[in-house]
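**Q** Take a look at this one; I'll ask things after.
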Amino acid sequence: MPHLLISAAHKSSGKTTLCIGICAELRRRGVRVQPFKKGPDYIDPLWLGQAAGRPCHNLDFYTQDREEIRRSFAARLQGADFGLIEGNKGLYDGLDLDGSNSNSALAALLGAPVVLVIDTQGMTRGIAPLLLGYQAFDPNIHIAGVILNKVGGARHEGKLRRVIEHYTDITLVGSVSRSRELELVERHLGLMPSNEAMAPLRQIEAIRAVVAEQVDLDLLQRLAMRAVPVIPTVAGDPPLLSGRTPVRIGVAMDEAFGFYYPGDLEALERGGAQLVFFSPLRDPGLPSVDGLFIGGGFPEVCMEALEANAAMRQAVRDYVEAGRPMYAECGGLMYLARSLSWQGRVCGMVGVIPADVVMYERPQGRGYVRLRETAACPWGGSRESGREIAAHEFHYSRLENLSPGQTFAFEMVRGAGIDGTHDGIVYKNLLAGYAHLRDVAGHHWTERFLDHVRRGARIDGVPDR
């Protein structure tokens, strides 16, 4: 299957915007594009998925082993014509000195030709040593093409084109001029999510039109045909868990809450869950469900509307107090607290977590984390105590005035969590923390959560407040 990886020399080079335009234009031409994003990201995949018309899936060395990445990639490509992987940061950037978790390592693992997006502002002849250095640094990486971005005009483009043709053998795929049409609004967690941005479809269309005119999509598709086929040892997703009692899981989905891995939602459905989407912003009450899942997002941006929907806040509070099963991540944790403070404003939230959420200018927890499960975790108790789970966190908020004596599902081996030492507050049948879990071979959390929902029992030994 033709596929390639689009990377850059450094972050903020414009590769996400160009990937959005490429996905949208190929889709307009009738090409079935399957997008992927390297690393733990929610916002870029929302844009890419909307542009391609197919959910974007993450490929992450920290939470997945190499064979699982290959297996997931090959499975998602089934039924598609073209695979596009958007890298994160620069091509050779990564956590390890040897580059084992870099974008280049992912390209090598998946046999993907690389197309570099270069921010050319203030650059002319200097692009040659940059490209030659990237080629020479790892001869095993096939840099098939380059897209010039933020080009200053026809004269600037002409100089860059002549330099590339004279000094390198890299194919010039496109030259994209600076344009306001290519500017996506950013916020403290990165780009504004496409489920919240004003008229995202119009913005995607504007980006598509620019990319269609200034990037050679036919050439890009030909370069993707140089990819090495990915043949995993074991193909496909885990099988449907037959024989399980069907359950209904309510999933919060609106402008305030939208950070979910598509693979996790699919895993819930494979496990026998019917997903029932609801809006804490607009719906007057909860749907009839057996369990609740409130993921991450930007509740601080919608805090007045969340506070105004008192009926929903009461319904969620009653649900938790009745001992019904619920899982909340990051934004969901914030929603369950007493109050939320941001930019001088304070709004009341659900109130089942005895703490106040305060937003800060700088991240209070960011990056990969490692959790050690305690016996208090409601999804397995003492049977799973001591196991370590790879996850990630990214939050500008912190819980303050947290009542003492809390029960936690996890100890922090790495990362900030709730208090620097723990994460995952357990209260009755609620588990709420900052860490974002991902359903992967190392931890099928969705299966454990559904088993917890099916048990439907209160947690012994955890006192009511």
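Convention: chains lettered A, B, ... in structure tokens order; per-chain residue numbering from 1; ligands numbered from 1 as shown.
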Identify, on the basis of only C-alpha atoms, every residue whose closest approach to His444 (chain A) does not exceed 10 Å; exclude the query and any residue fewer than 5 positions from it along the same chain; express the result as number ranges by chain.
**A** A: 264, 267-268, 437-439, 449
**Q** Considering only helix (DSSP H, G or I) as DSSP defines it on the backbone, what residues of region 21-170 of chain A qualify? List them as an NGL selection string.
**A** :A and (21-28 or 43-52 or 66-77 or 103-109 or 127-137 or 154-167)
**Q** Could you tell me how far CA of Gly126 (chain A) sits from CA of Lys150 (chain A), in Å to one decimal place?
**A**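 About the pair CA of Lys150 (chain A) and CA of Gly126 (chain A): they are 15.4 Å apart.
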**Q** Determine the nearest neighbour of Leu431 (chain A) from the options A:Leu116, A:Thr374, A:Met326, A:Gln406, counting only C-alpha atoms.
**A** A:Met326
**Q** Determine which residues of region 67-255 of chain A DSSP labels as strand (DSSP E) from the backbone of this structure, then write them out as an MDAnalysis selection string.
**A** chainID A and resid 82:86 114:119 143:151 171:177 186:187 190:191 247:252
**Q** Between A:Ser7, A:Asn58, A:Ser288, A:Gln50, which one has atoms that come closest to Ala315 (chain A), using only C-alpha atoms?
**A**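 Between A:Ser7, A:Asn58, A:Ser288, A:Gln50, the residue approaching Ala315 (chain A) most closely is A:Ser288.
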**Q** Using only C-alpha atoms, which protein or nucleic acid residues come within 12 Å of Ala376 (chain A)? Drop anything in the same chain fewer than 2 positions from it, and give the result as number ranges by chain.
**A** A: 372-374, 378-386, 406-411, 423-431, 459-462
**Q** Just the residues within 7 Å of Val117 (chain A), please, counting only C-alpha atoms, with nothing from its chain fewer than 4 positions along; format it as number ranges by chain.
**A** A: 7-8, 13, 15, 146-149
**Q** Using N, CA and C atoms, can you export the residues from the last selection as a compact mmCIF listing (two decimals), in the first residue's frame?
**A**
# COMPACT_ATOMS: atom_id res chain seq x y z
N SER A 7 7.54 14.78 7.68
CA SER A 7 8.23 15.27 8.86
C SER A 7 8.79 16.65 8.57
N ALA A 8 9.70 17.10 9.42
CA ALA A 8 10.25 18.44 9.28
C ALA A 8 11.62 18.49 9.95
N SER A 13 6.87 23.81 11.81
CA SER A 13 7.27 24.09 10.43
C SER A 13 6.06 24.16 9.49
N LYS A 15 3.83 21.40 9.12
CA LYS A 15 3.52 20.10 8.52
C LYS A 15 2.09 19.67 8.80
N VAL A 146 10.84 17.09 -0.72
CA VAL A 146 10.79 18.23 0.19
C VAL A 146 9.67 19.16 -0.26
N ILE A 147 8.96 19.71 0.72
CA ILE A 147 7.97 20.75 0.47
C ILE A 147 8.48 22.02 1.14
N LEU A 148 8.65 23.06 0.37
CA LEU A 148 9.07 24.35 0.90
C LEU A 148 7.84 25.06 1.45
N ASN A 149 7.94 25.55 2.66
CA ASN A 149 6.79 26.20 3.29
C ASN A 149 7.15 27.62 3.71
**Q** Go through A:Ser104, A:Thr245, A:Ser341, A:Ser72 one by one, measure the shortest atom-to-atom distance of each to Arg398 (chain A) using only C-alpha atoms, and give the residue with the smallest value.
**A**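 Looking at the shortest contact to Arg398 (chain A), the residue is A:Ser341.
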**Q** Give me, as a list in words, all polymer residues having an atom no more than 10 Å from Gly456 (chain A), counting only C-alpha atoms and skipping those fewer than 5 positions away in the same chain.
**A**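 Those residues are Asp290, Gly291, Gly323, Arg324, Pro325, Asn429, Leu450 and Asp451 of chain A.
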**Q** May I have the residues within 10 Å of Ser102 (chain A) as a PDB file with C-alpha atoms, in the first residue's frame, using only C-alpha atoms and disregarding those fewer than 2 positions away in the same chain?
**A**
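File produced: result18.pdb:
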ATOM      1  CA  LYS A  38       3.173   9.786  15.578  1.00  0.00           C
ATOM      2  CA  GLY A  39       3.059  10.122  19.333  1.00  0.00           C
ATOM      3  CA  ASP A  60       3.577   5.617  19.604  1.00  0.00           C
ATOM      4  CA  PHE A  61       6.794   3.841  20.596  1.00  0.00           C
ATOM      5  CA  GLY A  87       5.484  13.029  12.357  1.00  0.00           C
ATOM      6  CA  ASN A  88       5.979  15.042  15.529  1.00  0.00           C
ATOM      7  CA  LYS A  89       8.820  17.495  16.095  1.00  0.00           C
ATOM      8  CA  GLY A  90      11.822  17.031  13.783  1.00  0.00           C
ATOM      9  CA  LEU A  91      12.731  13.980  11.742  1.00  0.00           C
ATOM     10  CA  TYR A  92      15.549  12.867  14.049  1.00  0.00           C
ATOM     11  CA  ASP A  93      14.187  14.235  17.334  1.00  0.00           C
ATOM     12  CA  GLY A  94      13.283  11.795  20.091  1.00  0.00           C
ATOM     13  CA  LEU A  95      13.718  10.886  23.729  1.00  0.00           C
ATOM     14  CA  ASP A  96      16.619   8.473  23.284  1.00  0.00           C
ATOM     15  CA  LEU A  97      20.164   9.301  22.207  1.00  0.00           C
ATOM     16  CA  ASP A  98      20.093   6.499  19.637  1.00  0.00           C
ATOM     17  CA  GLY A  99      16.891   7.802  18.031  1.00  0.00           C
ATOM     18  CA  SER A 100      15.018   4.558  18.643  1.00  0.00           C
ATOM     19  CA  SER A 104      13.120   8.442  11.427  1.00  0.00           C
ATOM     20  CA  ALA A 105      12.838   5.213  13.437  1.00  0.00           C
ATOM     21  CA  LEU A 106       9.125   5.068  12.619  1.00  0.00           C
ATOM     22  CA  ALA A 107       9.846   5.647   8.930  1.00  0.00           C
ATOM     23  CA  ALA A 108      12.391   2.834   8.968  1.00  0.00           C
TER      24      ALA A 108
END
**Q** Expressed in Å to a single decimal, how great is the separation between CA of Lys37 (chain A) and CA of Asp119 (chain A)?
**A** 20.0 Å
